[in-house]
$ cat coords-v4.cif   # mmCIF, C-alpha atoms
data_work
#
loop_
_atom_site.label_atom_id
_atom_site.label_comp_id
_atom_site.auth_asym_id
_atom_site.auth_seq_id
_atom_site.Cartn_x
_atom_site.Cartn_y
_atom_site.Cartn_z
CA MET A 1 18.03 5.53 20.42
CA GLN A 2 16.09 5.32 23.66
CA ALA A 3 15.36 2.07 25.40
CA ALA A 4 11.89 0.57 25.12
CA SER A 5 10.75 0.90 28.70
CA GLY A 6 8.02 2.48 30.79
CA SER A 7 9.85 5.80 30.52
CA ALA A 8 10.19 5.70 26.74
CA PRO A 9 8.29 8.43 24.91
CA VAL A 10 4.94 7.71 23.31
CA ALA A 11 3.67 8.79 19.91
CA VAL A 12 0.08 8.63 18.70
CA VAL A 13 -0.29 8.36 14.91
CA THR A 14 -3.67 8.52 13.21
CA GLY A 15 -4.26 6.85 9.87
CA ALA A 16 -1.35 4.67 10.87
CA ALA A 17 -2.15 1.41 9.12
CA ARG A 18 -0.58 2.35 5.79
CA GLY A 19 1.19 5.04 3.79
CA ILE A 20 2.57 8.11 5.53
CA GLY A 21 1.09 7.05 8.87
CA LEU A 22 2.87 3.71 8.78
CA ALA A 23 6.12 5.38 7.72
CA CYS A 24 5.81 7.71 10.73
CA THR A 25 5.13 4.73 12.98
CA ASN A 26 8.29 3.03 11.74
CA TRP A 27 10.31 6.21 12.30
CA PHE A 28 9.11 6.49 15.89
CA LEU A 29 9.80 2.82 16.62
CA ALA A 30 13.28 3.15 15.15
CA HIS A 31 13.94 6.09 17.48
CA GLY A 32 12.89 4.38 20.70
CA TYR A 33 9.27 5.45 20.99
CA ARG A 34 6.27 3.40 21.94
CA VAL A 35 3.52 3.99 19.38
CA ALA A 36 -0.27 3.96 19.39
CA LEU A 37 -1.68 3.34 15.92
CA LEU A 38 -5.18 4.70 15.29
CA ASP A 39 -7.05 3.77 12.13
CA ILE A 40 -10.63 3.25 10.99
CA ASP A 41 -9.70 0.28 8.77
CA ALA A 42 -9.72 -2.56 11.28
CA ALA A 43 -8.50 -5.28 8.94
CA THR A 44 -5.50 -3.33 7.66
CA LEU A 45 -4.74 -2.08 11.16
CA ARG A 46 -4.59 -5.63 12.53
CA ALA A 47 -2.43 -6.77 9.64
CA THR A 48 -0.04 -3.88 10.29
CA GLU A 49 0.05 -4.64 14.01
CA ALA A 50 0.91 -8.27 13.23
CA ALA A 51 3.61 -7.25 10.76
CA LEU A 52 5.24 -4.90 13.29
CA ALA A 53 5.32 -7.80 15.78
CA ASP A 54 6.20 -5.60 18.76
CA ALA A 55 3.43 -6.08 21.33
CA GLN A 56 5.46 -4.39 24.06
CA ARG A 57 5.76 -1.09 22.20
CA VAL A 58 2.80 -1.09 19.80
CA LEU A 59 -0.87 -0.50 20.58
CA ALA A 60 -3.40 -0.66 17.72
CA VAL A 61 -6.75 1.05 18.30
CA GLU A 62 -9.61 1.09 15.82
CA ALA A 63 -11.17 4.55 15.79
CA ASP A 64 -12.96 6.99 13.53
CA VAL A 65 -11.20 10.31 14.16
CA SER A 66 -14.30 12.27 13.15
CA ASN A 67 -16.25 10.74 16.05
CA PRO A 68 -15.66 12.54 19.38
CA GLN A 69 -16.59 9.54 21.52
CA GLN A 70 -14.35 7.14 19.60
CA VAL A 71 -11.45 9.58 19.74
CA GLN A 72 -11.74 10.03 23.49
CA SER A 73 -12.04 6.28 24.06
CA ALA A 74 -8.96 5.68 21.92
CA ILE A 75 -6.84 8.25 23.76
CA ASP A 76 -8.07 6.91 27.11
CA ALA A 77 -6.85 3.48 26.00
CA VAL A 78 -3.45 4.93 25.06
CA ASP A 79 -3.19 6.67 28.42
CA ALA A 80 -4.20 3.52 30.29
CA ARG A 81 -1.62 1.43 28.42
CA PHE A 82 1.36 3.79 28.25
CA GLY A 83 0.64 6.51 30.84
CA ARG A 84 1.90 9.38 28.69
CA ILE A 85 1.75 10.98 25.25
CA ASP A 86 4.71 12.92 23.91
CA ALA A 87 3.86 13.26 20.22
CA LEU A 88 0.69 13.30 18.15
CA VAL A 89 0.68 13.01 14.37
CA ASN A 90 -2.70 13.94 12.89
CA ASN A 91 -2.31 12.07 9.62
CA ALA A 92 -5.71 10.44 9.01
CA GLY A 93 -7.24 11.84 5.86
CA VAL A 94 -9.61 11.19 2.99
CA ALA A 95 -10.09 12.83 -0.38
CA VAL A 96 -12.93 13.35 -2.84
CA PHE A 97 -11.95 14.57 -6.29
CA LYS A 98 -14.95 16.24 -7.92
CA ARG A 99 -15.83 19.51 -9.54
CA ILE A 100 -17.33 22.10 -7.18
CA GLU A 101 -20.81 21.74 -8.62
CA GLU A 102 -20.63 17.95 -8.33
CA THR A 103 -19.40 17.84 -4.72
CA THR A 104 -22.29 16.84 -2.48
CA TRP A 105 -22.87 17.94 1.08
CA GLU A 106 -22.10 14.36 2.13
CA ASP A 107 -18.77 14.53 0.25
CA TRP A 108 -17.95 17.85 1.91
CA ARG A 109 -18.75 16.65 5.42
CA HIS A 110 -16.91 13.35 4.93
CA VAL A 111 -13.70 15.14 3.95
CA LEU A 112 -13.94 17.98 6.47
CA GLY A 113 -15.04 15.58 9.21
CA THR A 114 -12.02 13.36 8.85
CA ASN A 115 -9.32 15.81 7.81
CA LEU A 116 -10.17 18.83 9.92
CA ASP A 117 -12.47 17.66 12.72
CA GLY A 118 -10.17 14.69 13.28
CA ALA A 119 -7.12 16.87 13.87
CA PHE A 120 -9.10 19.11 16.21
CA LEU A 121 -10.60 16.24 18.21
CA CYS A 122 -7.42 14.20 18.55
CA THR A 123 -5.36 17.19 19.66
CA GLN A 124 -8.03 18.19 22.14
CA ALA A 125 -8.11 14.67 23.60
CA CYS A 126 -4.32 14.34 23.81
CA THR A 127 -3.68 17.77 25.32
CA PRO A 128 -4.49 16.89 28.97
CA VAL A 129 -2.20 13.85 28.85
CA MET A 130 0.60 15.89 27.28
CA LYS A 131 0.16 18.66 29.85
CA ARG A 132 0.36 16.14 32.67
CA GLY A 133 3.72 15.02 31.29
CA GLY A 134 5.09 18.52 30.89
CA GLY A 135 4.46 19.09 27.18
CA GLY A 136 4.78 17.45 23.82
CA ALA A 137 4.59 17.97 20.07
CA VAL A 138 1.71 17.93 17.61
CA VAL A 139 2.30 17.57 13.89
CA ASN A 140 -0.65 18.01 11.57
CA ILE A 141 -0.39 16.56 8.09
CA ALA A 142 -1.87 19.10 5.69
CA SER A 143 -1.04 19.11 1.98
CA ILE A 144 0.42 21.27 -0.71
CA SER A 145 -3.25 21.57 -1.70
CA GLY A 146 -3.70 23.70 1.42
CA LEU A 147 -1.09 26.17 0.16
CA ARG A 148 -2.05 26.35 -3.50
CA ALA A 149 -5.28 25.50 -5.25
CA SER A 150 -5.66 22.54 -7.58
CA THR A 151 -8.55 21.31 -9.68
CA LEU A 152 -11.19 18.98 -8.23
CA ARG A 153 -10.11 19.60 -4.63
CA VAL A 154 -12.68 22.01 -3.21
CA ALA A 155 -13.30 19.90 -0.09
CA TYR A 156 -9.81 18.41 0.23
CA GLY A 157 -7.91 21.65 -0.38
CA THR A 158 -10.21 23.63 1.93
CA SER A 159 -9.75 21.08 4.71
CA LYS A 160 -5.97 21.22 4.36
CA GLY A 161 -5.89 25.01 4.28
CA ALA A 162 -7.95 24.99 7.47
CA ILE A 163 -5.51 22.56 9.09
CA ILE A 164 -2.68 25.01 8.42
CA HIS A 165 -4.56 27.72 10.30
CA LEU A 166 -5.65 25.28 13.02
CA THR A 167 -1.95 24.57 13.58
CA LYS A 168 -1.30 28.25 14.28
CA GLN A 169 -4.19 28.39 16.73
CA GLN A 170 -2.86 25.32 18.52
CA ALA A 171 0.65 26.74 18.60
CA ILE A 172 -0.25 30.00 20.29
CA GLU A 173 -2.53 28.43 22.89
CA LEU A 174 -0.82 25.13 23.63
CA GLY A 175 2.68 26.59 23.48
CA ASN A 176 2.01 28.08 26.89
CA ALA A 177 1.78 24.52 28.22
CA GLY A 178 4.96 23.38 26.46
CA ILE A 179 3.10 21.74 23.57
CA ARG A 180 4.49 22.70 20.17
CA ALA A 181 2.23 22.45 17.11
CA ASN A 182 3.57 22.39 13.56
CA CYS A 183 2.35 21.32 10.17
CA ILE A 184 3.74 19.32 7.25
CA ALA A 185 2.40 20.09 3.77
CA PRO A 186 3.42 17.14 1.62
CA GLY A 187 3.55 17.39 -2.13
CA PRO A 188 2.50 14.33 -4.13
CA VAL A 189 3.68 11.18 -2.39
CA ASP A 190 3.83 7.65 -3.79
CA THR A 191 1.22 6.07 -1.55
CA GLU A 192 -1.41 3.47 -2.42
CA MET A 193 -4.08 6.18 -2.40
CA ALA A 194 -2.09 8.30 -4.87
CA LYS A 195 -1.63 5.33 -7.17
CA LEU A 196 -5.39 4.80 -7.18
CA VAL A 197 -6.46 8.37 -7.86
CA HIS A 198 -3.58 9.91 -9.85
CA SER A 199 -3.94 9.10 -13.53
CA VAL A 200 -0.94 8.96 -15.86
CA ALA A 201 -1.84 12.44 -17.09
CA ILE A 202 -2.03 13.86 -13.56
CA ARG A 203 1.31 12.29 -12.63
CA SER A 204 2.81 13.88 -15.73
CA ASP A 205 1.35 17.25 -14.71
CA TYR A 206 2.94 16.93 -11.27
CA HIS A 207 6.33 16.04 -12.74
CA ASP A 208 6.06 19.09 -14.98
CA THR A 209 5.63 21.33 -11.92
CA ILE A 210 8.01 19.80 -9.37
CA PRO A 211 11.63 20.98 -9.63
CA LEU A 212 12.93 17.64 -8.29
CA ASN A 213 10.88 15.96 -11.04
CA ARG A 214 9.48 13.11 -8.94
CA TYR A 215 6.99 12.14 -6.28
CA GLY A 216 8.11 11.98 -2.66
CA THR A 217 8.16 8.85 -0.53
CA PRO A 218 6.31 8.23 2.74
CA GLU A 219 9.69 7.86 4.46
CA GLU A 220 10.72 11.37 3.39
CA ILE A 221 7.57 12.78 4.96
CA ALA A 222 8.11 10.69 8.10
CA ARG A 223 11.63 12.04 8.58
CA ALA A 224 10.29 15.59 8.50
CA VAL A 225 7.57 14.64 10.99
CA GLY A 226 10.16 13.02 13.25
CA PHE A 227 12.29 16.16 13.19
CA LEU A 228 9.37 18.35 14.24
CA CYS A 229 8.55 15.97 17.10
CA SER A 230 12.16 15.82 18.29
CA GLN A 231 14.17 18.06 20.57
CA GLU A 232 16.08 19.17 17.47
CA ALA A 233 12.99 21.29 16.74
CA SER A 234 12.47 22.47 20.32
CA TYR A 235 12.04 26.13 19.29
CA VAL A 236 9.94 25.47 16.17
CA ASN A 237 6.28 26.25 16.77
CA GLY A 238 3.36 27.24 14.57
CA GLN A 239 5.16 26.56 11.30
CA THR A 240 4.16 24.86 8.05
CA LEU A 241 6.92 22.92 6.33
CA ALA A 242 6.27 22.06 2.68
CA VAL A 243 7.93 18.73 1.92
CA ASP A 244 7.20 18.87 -1.77
CA GLY A 245 10.32 18.80 -3.93
CA GLY A 246 9.91 22.54 -4.57
CA PHE A 247 6.34 22.29 -5.87
CA ASP A 248 5.05 25.26 -3.87
CA ALA A 249 7.95 27.42 -5.03
CA SER A 250 7.57 26.68 -8.73
CA GLY A 251 5.83 28.73 -11.35
CA VAL A 252 5.54 28.14 -15.08
CA GLY A 253 8.20 27.08 -17.53
CA LEU A 254 9.82 23.98 -16.01
CA PRO A 255 9.04 21.61 -18.91
CA THR A 256 10.42 24.14 -21.39
CA LEU A 257 13.51 24.68 -19.25
CA ARG A 258 14.16 20.94 -19.14
CA ARG A 259 13.97 20.79 -22.92
CA GLY A 260 16.51 23.61 -23.13
CA GLY A 261 13.95 25.88 -24.70
CA LEU A 262 14.16 28.88 -22.38
CA GLN A 263 16.16 31.45 -24.31
CA HIS A 264 16.10 35.19 -23.85
CA PRO A 265 14.19 36.57 -26.81
CA ALA A 266 16.23 38.68 -29.18
CA ALA A 267 15.83 42.38 -28.73
CA ASP A 268 13.49 44.05 -31.18
CA PRO A 269 15.83 45.68 -33.72
CA SER A 270 13.26 48.40 -34.35
#

$ encode --input "coords-v4.cif" --output "structure tokens"
Amino acid sequence: MQAASGSAPVAVVTGAARGIGLACTNWFLAHGYRVALLDIDAATLRATEAALADAQRVLAVEADVSNPQQVQSAIDAVDARFGRIDALVNNAGVAVFKRIEETTWEDWRHVLGTNLDGAFLCTQACTPVMKRGGGGAVVNIASISGLRASTLRVAYGTSKGAIIHLTKQQAIELGNAGIRANCIAPGPVDTEMAKLVHSVAIRSDYHDTIPLNRYGTPEEIARAVGFLCSQEASYVNGQTLAVDGGFDASGVGLPTLRRGGLQHPAADPS
């Protein structure tokens, strides 16, 4: 663990007030980083800042990541406070679960604006500070919905698929400046948002498709993020890591297999 001092590395985490973002924040703090928490929810952000109770190493900044001016102001504040940025986790995200024909233009822009524009804007704003320090690491939080299609996710899944490609674009351009860009594609994770939007039936469907037969935890995602930001991943660039319990690898038949019902059919005697 590195000492908390002016030379300690700095991580910027968006959507940091709760869930995966907060788990990432805790990982960075536990590994000697100073952390800037960006979130649009001012009340929850302040409550999280108070709970962390580490004014020397924590900076909380209210910002809408889909707004270019707010993003730049937030990153300027981070630079003014800490003087460097070594890691950026583009975690802020929203979801709208509607059929394609029911998804409004406002729904579409809300999801794409936060999930995709936010990752673009925050990386763009952090890049000059990272370059000044000799490099850094960007981790974009996509989703398993960016790798495989699911119902009611036309805006969400499209935004996450775009983030996966954005990561590759960032990797090939920013890698020349020593900035690595990688992507995490979480499977279903037990966050407050998931508990609100995943019905009992949907949770059962997920369990039927995940080989590990459970949801992930925010801490499991955070450990993968931490690895990609660390020197342990110093030659990993432009990759998407599915942290999903095997969801992306699975096909059909898991429920039947678990019941012991997968038997090779008898050969046709004729």

$ resolve_selection --input "coords-v4.cif" --expression "the PyMOL selection byres ((chain A and resi 209) around 7)" --output "ChimeraX atom specification"
/A:205-208,210-211,247,250,254

$ residues_around --input "coords-v4.cif" --residues "Gln170 of chain A" --least-positions-apart "6" --cutoff "8 Å" --atoms "all atoms listed in the file" --output "ChimeraX atom specification"
/A:180-181,238

$ atom_distance --input "coords-v4.cif" --atom1 "atom CA of Cys126 of chain A" --atom2 "atom CA of Leu59 of chain A"
15.6 Å

$ resolve_selection --input "coords-v4.cif" --expression "the PyMOL selection byres ((chain A and resi 111) around 7)" --output "PDB file with C-alpha atoms, in the frame of the given file"
ATOM      1  CA  VAL A  94      -9.610  11.190   2.990  1.00  0.00           C
ATOM      2  CA  ALA A  95     -10.090  12.830  -0.380  1.00  0.00           C
ATOM      3  CA  ASP A 107     -18.770  14.530   0.250  1.00  0.00           C
ATOM      4  CA  TRP A 108     -17.950  17.850   1.910  1.00  0.00           C
ATOM      5  CA  ARG A 109     -18.750  16.650   5.420  1.00  0.00           C
ATOM      6  CA  HIS A 110     -16.910  13.350   4.930  1.00  0.00           C
ATOM      7  CA  LEU A 112     -13.940  17.980   6.470  1.00  0.00           C
ATOM      8  CA  GLY A 113     -15.040  15.580   9.210  1.00  0.00           C
ATOM      9  CA  THR A 114     -12.020  13.360   8.850  1.00  0.00           C
ATOM     10  CA  ASN A 115      -9.320  15.810   7.810  1.00  0.00           C
ATOM     11  CA  ALA A 155     -13.300  19.900  -0.090  1.00  0.00           C
ATOM     12  CA  TYR A 156      -9.810  18.410   0.230  1.00  0.00           C
TER      13      TYR A 156
END

$ atom_distance --input "coords-v4.cif" --atom1 "atom CA of Ser143 of chain A" --atom2 "atom CA of Ile221 of chain A"
11.1 Å

$ closest_residue --input "coords-v4.cif" --among "A:Ile144, A:Val65, A:Leu166, A:Ala201" --to "Pro188 of chain A" --atoms "only C-alpha atoms"
A:Ile144

$ closest_residue --input "coords-v4.cif" --among "A:Thr123, A:Gly83, A:Arg99, A:Asn26" --to "Val71 of chain A" --atoms "all atoms listed in the file"
A:Thr123

$ resolve_selection --input "coords-v4.cif" --expression "the PyMOL selection byres ((chain A and resi 135-139) around 6)" --output "PyMOL selection string"
chain A and resi 86-89+130-131+133-134+140+178-183+229

$ atom_distance --input "coords-v4.cif" --atom1 "atom CA of Ala8 of chain A" --atom2 "atom CA of Cys122 of chain A"
21.2 Å

$ closest_residue --input "coords-v4.cif" --among "A:Val200, A:Val96, A:Val58, A:Leu116" --to "Gly161 of chain A" --atoms "all atoms listed in the file"
A:Leu116

$ closest_residue --input "coords-v4.cif" --among "A:Cys24, A:Ala17, A:Val154, A:Val10" --to "Thr48 of chain A" --atoms "only C-alpha atoms"
A:Ala17

$ residues_around --input "coords-v4.cif" --residues "segment 42-47 of chain A" --least-positions-apart "6" --cutoff "9 Å" --atoms "all atoms listed in the file" --output "VMD selection string"
chain A and resid 16 to 18 60 to 63

$ closest_residue --input "coords-v4.cif" --among "A:Val12, A:Ala74, A:Leu257, A:Leu22" --to "Thr217 of chain A" --atoms "all atoms listed in the file"
A:Leu22
